[in-house]
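Data from work.cif: mmCIF, C-alpha atoms
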```
data_input
loop_
_atom_site.group_PDB
_atom_site.id
_atom_site.type_symbol
_atom_site.label_atom_id
_atom_site.label_comp_id
_atom_site.auth_asym_id
_atom_site.auth_seq_id
_atom_site.Cartn_x
_atom_site.Cartn_y
_atom_site.Cartn_z
ATOM 1 C CA MET A 28 -5.092 3.568 -78.277
ATOM 2 C CA ALA A 29 -1.420 2.773 -78.932
ATOM 3 C CA LYS A 30 1.353 3.683 -76.481
ATOM 4 C CA TYR A 31 3.870 6.054 -78.042
ATOM 5 C CA LEU A 32 7.433 5.471 -76.826
ATOM 6 C CA ASP A 33 10.214 7.891 -77.717
ATOM 7 C CA VAL A 34 13.338 5.705 -77.496
ATOM 8 C CA HIS A 35 16.881 7.051 -77.840
ATOM 9 C CA PRO A 36 18.445 5.686 -81.077
ATOM 10 C CA ASP A 37 21.925 5.089 -79.601
ATOM 11 C CA ASN A 38 21.216 4.502 -75.901
ATOM 12 C CA PRO A 39 17.755 2.930 -75.605
ATOM 13 C CA GLN A 40 16.239 3.576 -72.170
ATOM 14 C CA PRO A 41 15.927 0.197 -70.363
ATOM 15 C CA ARG A 42 12.670 1.323 -68.709
ATOM 16 C CA LEU A 43 11.015 1.943 -72.096
ATOM 17 C CA ILE A 44 12.385 -1.257 -73.625
ATOM 18 C CA GLY A 45 11.015 -3.095 -70.568
ATOM 19 C CA GLN A 46 7.559 -1.576 -71.162
ATOM 20 C CA VAL A 47 7.559 -2.815 -74.760
ATOM 21 C CA VAL A 48 8.631 -6.317 -73.712
ATOM 22 C CA ASP A 49 5.852 -6.398 -71.080
ATOM 23 C CA LEU A 50 3.370 -5.549 -73.831
ATOM 24 C CA LEU A 51 4.753 -8.310 -76.053
ATOM 25 C CA HIS A 52 4.479 -10.828 -73.197
ATOM 26 C CA ALA A 53 0.846 -9.750 -72.809
ATOM 27 C CA ASP A 54 0.292 -10.734 -76.478
ATOM 28 C CA GLY A 55 0.558 -7.168 -77.746
ATOM 29 C CA LEU A 56 1.370 -6.049 -81.286
ATOM 30 C CA ILE A 57 3.988 -3.327 -81.842
ATOM 31 C CA ALA A 58 5.279 -1.120 -84.645
ATOM 32 C CA TYR A 59 9.042 -0.803 -84.286
ATOM 33 C CA PRO A 60 12.009 0.590 -86.244
ATOM 34 C CA THR A 61 14.658 -1.609 -87.878
ATOM 35 C CA ASP A 62 17.655 -1.003 -90.137
ATOM 36 C CA SER A 63 15.308 -1.291 -93.124
ATOM 37 C CA GLY A 64 12.216 0.663 -92.144
ATOM 38 C CA TYR A 65 9.396 0.016 -89.691
ATOM 39 C CA ALA A 66 7.987 -3.434 -88.999
ATOM 40 C CA LEU A 67 5.004 -4.918 -87.204
ATOM 41 C CA GLY A 68 6.023 -7.406 -84.526
ATOM 42 C CA CYS A 69 4.632 -9.811 -81.937
ATOM 43 C CA ARG A 70 5.731 -12.955 -80.113
ATOM 44 C CA LEU A 71 5.965 -16.187 -82.064
ATOM 45 C CA GLY A 72 3.047 -17.876 -80.296
ATOM 46 C CA ASN A 73 0.720 -14.860 -80.492
ATOM 47 C CA LYS A 74 -1.976 -16.125 -82.869
ATOM 48 C CA ASP A 75 -4.125 -13.005 -82.413
ATOM 49 C CA GLY A 76 -1.087 -10.805 -83.193
ATOM 50 C CA ILE A 77 -0.441 -12.758 -86.392
ATOM 51 C CA ASP A 78 -4.081 -12.350 -87.438
ATOM 52 C CA ARG A 79 -3.854 -8.612 -86.723
ATOM 53 C CA ILE A 80 -0.743 -8.291 -88.915
ATOM 54 C CA ARG A 81 -2.555 -10.131 -91.717
ATOM 55 C CA GLU A 82 -5.546 -7.811 -91.314
ATOM 56 C CA ILE A 83 -3.493 -4.574 -91.232
ATOM 57 C CA ARG A 84 -1.526 -5.557 -94.328
ATOM 58 C CA ARG A 85 -4.278 -7.659 -96.005
ATOM 59 C CA LEU A 86 -1.904 -10.572 -96.456
ATOM 60 C CA GLY A 87 -2.652 -13.906 -98.104
ATOM 61 C CA ASP A 88 -1.737 -17.366 -96.803
ATOM 62 C CA ASP A 89 1.441 -17.502 -98.887
ATOM 63 C CA HIS A 90 3.060 -14.493 -97.175
ATOM 64 C CA HIS A 91 6.498 -15.160 -95.741
ATOM 65 C CA PHE A 92 6.594 -13.894 -92.177
ATOM 66 C CA THR A 93 10.061 -13.068 -90.849
ATOM 67 C CA LEU A 94 11.620 -14.158 -87.582
ATOM 68 C CA VAL A 95 13.795 -11.260 -86.454
ATOM 69 C CA CYS A 96 16.606 -12.805 -84.414
ATOM 70 C CA ARG A 97 19.174 -11.332 -82.069
ATOM 71 C CA ASP A 98 22.032 -13.616 -83.164
ATOM 72 C CA PHE A 99 22.957 -16.916 -84.818
ATOM 73 C CA ALA A 100 22.133 -18.918 -81.683
ATOM 74 C CA GLN A 101 18.462 -17.941 -82.110
ATOM 75 C CA PHE A 102 18.657 -18.156 -85.894
ATOM 76 C CA GLY A 103 19.769 -21.801 -85.801
ATOM 77 C CA GLN A 104 16.817 -22.897 -83.662
ATOM 78 C CA PHE A 105 14.278 -22.030 -86.326
ATOM 79 C CA VAL A 106 15.882 -22.750 -89.723
ATOM 80 C CA GLN A 107 17.970 -25.506 -91.277
ATOM 81 C CA VAL A 108 21.339 -24.206 -92.494
ATOM 82 C CA ASN A 109 24.237 -26.197 -93.962
ATOM 83 C CA LYS A 110 27.870 -25.077 -93.572
ATOM 84 C CA THR A 111 28.141 -23.409 -96.993
ATOM 85 C CA VAL A 112 24.951 -21.377 -96.550
ATOM 86 C CA PHE A 113 25.915 -20.542 -92.959
ATOM 87 C CA ARG A 114 29.237 -19.042 -94.100
ATOM 88 C CA LEU A 115 27.520 -16.902 -96.742
ATOM 89 C CA ILE A 116 24.869 -15.647 -94.320
ATOM 90 C CA LYS A 117 27.408 -15.007 -91.545
ATOM 91 C CA ALA A 118 29.420 -12.771 -93.898
ATOM 92 C CA ALA A 119 26.310 -10.650 -94.569
ATOM 93 C CA THR A 120 24.876 -10.236 -91.077
ATOM 94 C CA PRO A 121 23.850 -8.349 -89.084
ATOM 95 C CA GLY A 122 22.391 -6.193 -91.827
ATOM 96 C CA GLY A 123 19.646 -5.484 -94.323
ATOM 97 C CA TYR A 124 18.897 -9.012 -95.493
ATOM 98 C CA THR A 125 16.053 -11.479 -95.068
ATOM 99 C CA PHE A 126 16.901 -15.120 -95.788
ATOM 100 C CA ILE A 127 14.300 -17.698 -96.823
ATOM 101 C CA LEU A 128 15.260 -21.107 -95.419
ATOM 102 C CA PRO A 129 13.634 -24.467 -94.586
ATOM 103 C CA ALA A 130 11.921 -24.175 -91.196
ATOM 104 C CA THR A 131 12.592 -26.461 -88.234
ATOM 105 C CA LYS A 132 9.853 -27.986 -86.075
ATOM 106 C CA GLU A 133 10.203 -25.005 -83.710
ATOM 107 C CA VAL A 134 8.279 -22.860 -86.227
ATOM 108 C CA PRO A 135 4.463 -23.119 -86.012
ATOM 109 C CA ARG A 136 3.023 -24.481 -89.273
ATOM 110 C CA ARG A 137 0.794 -21.433 -89.763
ATOM 111 C CA LEU A 138 3.925 -19.258 -90.104
ATOM 112 C CA MET A 139 5.557 -21.393 -92.781
ATOM 113 C CA HIS A 140 5.010 -21.016 -96.501
ATOM 114 C CA PRO A 141 2.165 -23.532 -97.049
ATOM 115 C CA ARG A 142 3.884 -25.432 -99.887
ATOM 116 C CA LYS A 143 7.602 -24.884 -99.334
ATOM 117 C CA LYS A 144 7.636 -25.169 -95.494
ATOM 118 C CA THR A 145 10.043 -22.236 -95.375
ATOM 119 C CA VAL A 146 10.265 -19.113 -93.233
ATOM 120 C CA GLY A 147 12.109 -15.785 -93.457
ATOM 121 C CA VAL A 148 14.834 -14.992 -90.895
ATOM 122 C CA ARG A 149 17.039 -11.977 -90.310
ATOM 123 C CA ILE A 150 19.488 -10.405 -87.845
ATOM 124 C CA PRO A 151 19.088 -6.597 -87.919
ATOM 125 C CA ASP A 152 21.835 -4.033 -87.487
ATOM 126 C CA HIS A 153 19.814 -1.598 -85.358
ATOM 127 C CA VAL A 154 20.561 -0.603 -81.750
ATOM 128 C CA VAL A 155 16.930 -0.316 -80.610
ATOM 129 C CA THR A 156 15.840 -3.569 -82.266
ATOM 130 C CA GLN A 157 18.798 -5.400 -80.736
ATOM 131 C CA ALA A 158 17.985 -3.985 -77.274
ATOM 132 C CA LEU A 159 14.402 -5.178 -77.674
ATOM 133 C CA LEU A 160 15.454 -8.674 -78.774
ATOM 134 C CA ALA A 161 17.981 -8.943 -75.928
ATOM 135 C CA GLU A 162 15.334 -8.092 -73.325
ATOM 136 C CA LEU A 163 12.671 -10.300 -74.937
ATOM 137 C CA GLY A 164 14.998 -13.308 -75.143
ATOM 138 C CA GLU A 165 13.335 -14.737 -78.258
ATOM 139 C CA PRO A 166 12.785 -13.744 -81.905
ATOM 140 C CA LEU A 167 10.102 -11.278 -82.932
ATOM 141 C CA LEU A 168 7.628 -12.480 -85.508
ATOM 142 C CA SER A 169 7.598 -9.603 -87.993
ATOM 143 C CA SER A 170 6.347 -8.206 -91.253
ATOM 144 C CA THR A 171 7.345 -4.977 -93.003
ATOM 145 C CA LEU A 172 4.976 -2.130 -92.165
ATOM 146 C CA LEU A 173 3.732 -1.541 -95.677
ATOM 147 C CA LEU A 174 0.028 -0.734 -95.814
ATOM 148 C CA PRO A 175 -2.266 -1.989 -98.590
ATOM 149 C CA ASP A 176 -2.300 0.189 -101.733
ATOM 150 C CA GLU A 177 0.883 1.990 -100.579
ATOM 151 C CA SER A 178 4.130 1.671 -102.541
ATOM 152 C CA GLU A 179 6.324 3.189 -99.803
ATOM 153 C CA PRO A 180 6.393 2.218 -96.126
ATOM 154 C CA MET A 181 5.827 4.860 -93.445
ATOM 155 C CA THR A 182 9.058 6.051 -91.813
ATOM 156 C CA GLN A 183 7.891 8.421 -89.042
ATOM 157 C CA GLY A 184 6.742 7.137 -85.668
ATOM 158 C CA TRP A 185 4.165 9.897 -85.171
ATOM 159 C CA GLU A 186 2.651 9.139 -88.592
ATOM 160 C CA ILE A 187 2.332 5.447 -87.713
ATOM 161 C CA LYS A 188 0.760 6.310 -84.351
ATOM 162 C CA GLU A 189 -1.762 8.544 -86.137
ATOM 163 C CA THR A 190 -2.643 5.920 -88.758
ATOM 164 C CA LEU A 191 -2.578 2.720 -86.673
ATOM 165 C CA ASP A 192 -3.578 4.094 -83.264
ATOM 166 C CA HIS A 193 -6.345 1.527 -82.792
ATOM 167 C CA ALA A 194 -4.673 -1.314 -84.715
ATOM 168 C CA VAL A 195 -1.437 -1.746 -82.686
ATOM 169 C CA ASP A 196 -0.651 -1.590 -78.961
ATOM 170 C CA ALA A 197 2.588 0.421 -79.112
ATOM 171 C CA VAL A 198 4.667 2.489 -81.523
ATOM 172 C CA ILE A 199 8.403 2.858 -80.881
ATOM 173 C CA ASP A 200 9.923 6.036 -82.280
ATOM 174 C CA SER A 201 13.714 6.318 -82.423
ATOM 175 C CA GLY A 202 14.000 8.787 -85.301
ATOM 176 C CA GLU A 203 14.268 8.255 -89.042
ATOM 177 C CA CYS A 204 15.008 4.652 -90.024
ATOM 178 C CA GLY A 205 14.784 4.753 -93.812
ATOM 179 C CA ALA A 206 12.231 3.310 -96.205
ATOM 180 C CA THR A 207 14.232 0.730 -98.170
ATOM 181 C CA PRO A 208 13.241 -2.842 -97.298
ATOM 182 C CA THR A 209 15.666 -5.729 -96.849
ATOM 183 C CA THR A 210 17.247 -7.646 -99.693
ATOM 184 C CA VAL A 211 15.533 -11.051 -99.764
ATOM 185 C CA VAL A 212 17.686 -14.087 -100.561
ATOM 186 C CA ASP A 213 16.036 -17.502 -100.981
ATOM 187 C CA PHE A 214 18.241 -20.445 -99.963
ATOM 188 C CA SER A 215 15.433 -23.000 -99.833
ATOM 189 C CA GLN A 216 16.802 -24.853 -102.878
ATOM 190 C CA GLY A 217 20.418 -24.692 -101.720
ATOM 191 C CA GLU A 218 21.643 -22.055 -104.180
ATOM 192 C CA PRO A 219 20.968 -18.344 -103.440
ATOM 193 C CA GLU A 220 18.173 -16.706 -105.434
ATOM 194 C CA ILE A 221 17.619 -12.956 -105.079
ATOM 195 C CA LEU A 222 13.871 -12.403 -104.661
ATOM 196 C CA ARG A 223 14.073 -8.693 -103.840
ATOM 197 C CA HIS A 224 16.799 -6.064 -104.111
ATOM 198 C CA GLY A 225 16.899 -3.827 -101.039
ATOM 199 C CA THR A 226 19.318 -2.375 -98.494
ATOM 200 C CA GLY A 227 21.802 -5.262 -98.524
ATOM 201 C CA PRO A 228 24.260 -5.478 -101.472
ATOM 202 C CA THR A 229 23.689 -8.624 -103.545
ATOM 203 C CA SER A 230 27.273 -9.180 -104.745
ATOM 204 C CA LEU A 231 27.914 -11.852 -102.078
ATOM 205 C CA PHE A 232 25.120 -14.005 -103.471
ATOM 206 C CA GLU A 233 25.602 -13.623 -107.239
#
```
I need this file expressed as structure tokens, please.
Amino acid sequence: MAKYLDVHPDNPQPRLIGQVVDLLHADGLIAYPTDSGYALGCRLGNKDGIDRIREIRRLGDDHHFTLVCRDFAQFGQFVQVNKTVFRLIKAATPGGYTFILPATKEVPRRLMHPRKKTVGVRIPDHVVTQALLAELGEPLLSSTLLLPDESEPMTQGWEIKETLDHAVDAVIDSGECGATPTTVVDFSQGEPEILRHGTGPTSLFE
């Protein structure tokens, strides 16, 4: 049965954030709010957590997992970014974007796109997510919480708890967080390619 944690959207309670981080360190899987809807998240090295995300969402091998980072210091450890791309990304973050970039050796092979050797990265603009990342001290391996055969993601914590009570270890509820996913921009070939239109405006990359 999943823990249900009611976290304040503007002033996250350190005690509750600490409980979530303890769960993540114990190889738990969480459902948490971001600036672009709910996501499933676990630690980078949590193979069981990754398998559980794949099972919940029925994902294939070519799915791009996302590393949700606190800041550019973390970001730069896991992806290769030249100066031009860095400037473009810096102008758009934190915010509702996911960037597809060539992965560094810090990223486990099973998380990369099997052919392109790329991974998704993002820096969210969400108080609770940032508090979680600050306490965890490393990126969260994440995937949008969109269930199979559903066209819209769930946006209410209680609804997620009801549906995924035995599939995740904790649900963080900090109020409504919207249902529009991130804008996905692929930089793997050098030039930006918009793969999905979402919360982030695309004008910077067109």
Legend entry - Near-stretch 218-223 of chain A list (12 Å; all atoms listed in the file; drop same-chain fewer than 4 positions) as a PyMOL selection string: chain A and resi 91+108-109+111-113+115-116+123-128+147+207-214+227-233
Legend entry - Polymer residues at most 10 Å from A:Gln157, all atoms listed in the file, same-chain spacing of 3 or more positions, as number ranges by chain: A: 39, 61, 95-98, 150-154, 160-163
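Across A:Tyr31, A:Asp196, A:Pro129, A:Gln216, the tightest approach to A:Gln183 is made by A:Tyr31 when counting all atoms listed in the file.
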Legend entry - Best match for closeness to A:Gly184 among A:Val198, A:Leu172, A:Val134, A:Ala66, counting only C-alpha atoms: A:Val198
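Minimum atom-to-atom distances from A:Val106, A:Ile187, A:Val148, A:Ile44 to A:Lys132 were compared using all atoms listed in the file, and the lowest value belongs to A:Val106.
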Need the axis-aligned box for stretch 78-82 of chain A with 8 Å each side, so what are the centre and edges in Å to one decimal, as lines of an AutoDock Vina configuration file?
```
center_x = -3.1
center_y = -10.1
center_z = -89.2
size_x = 20.8
size_y = 20.5
size_z = 21.0
```
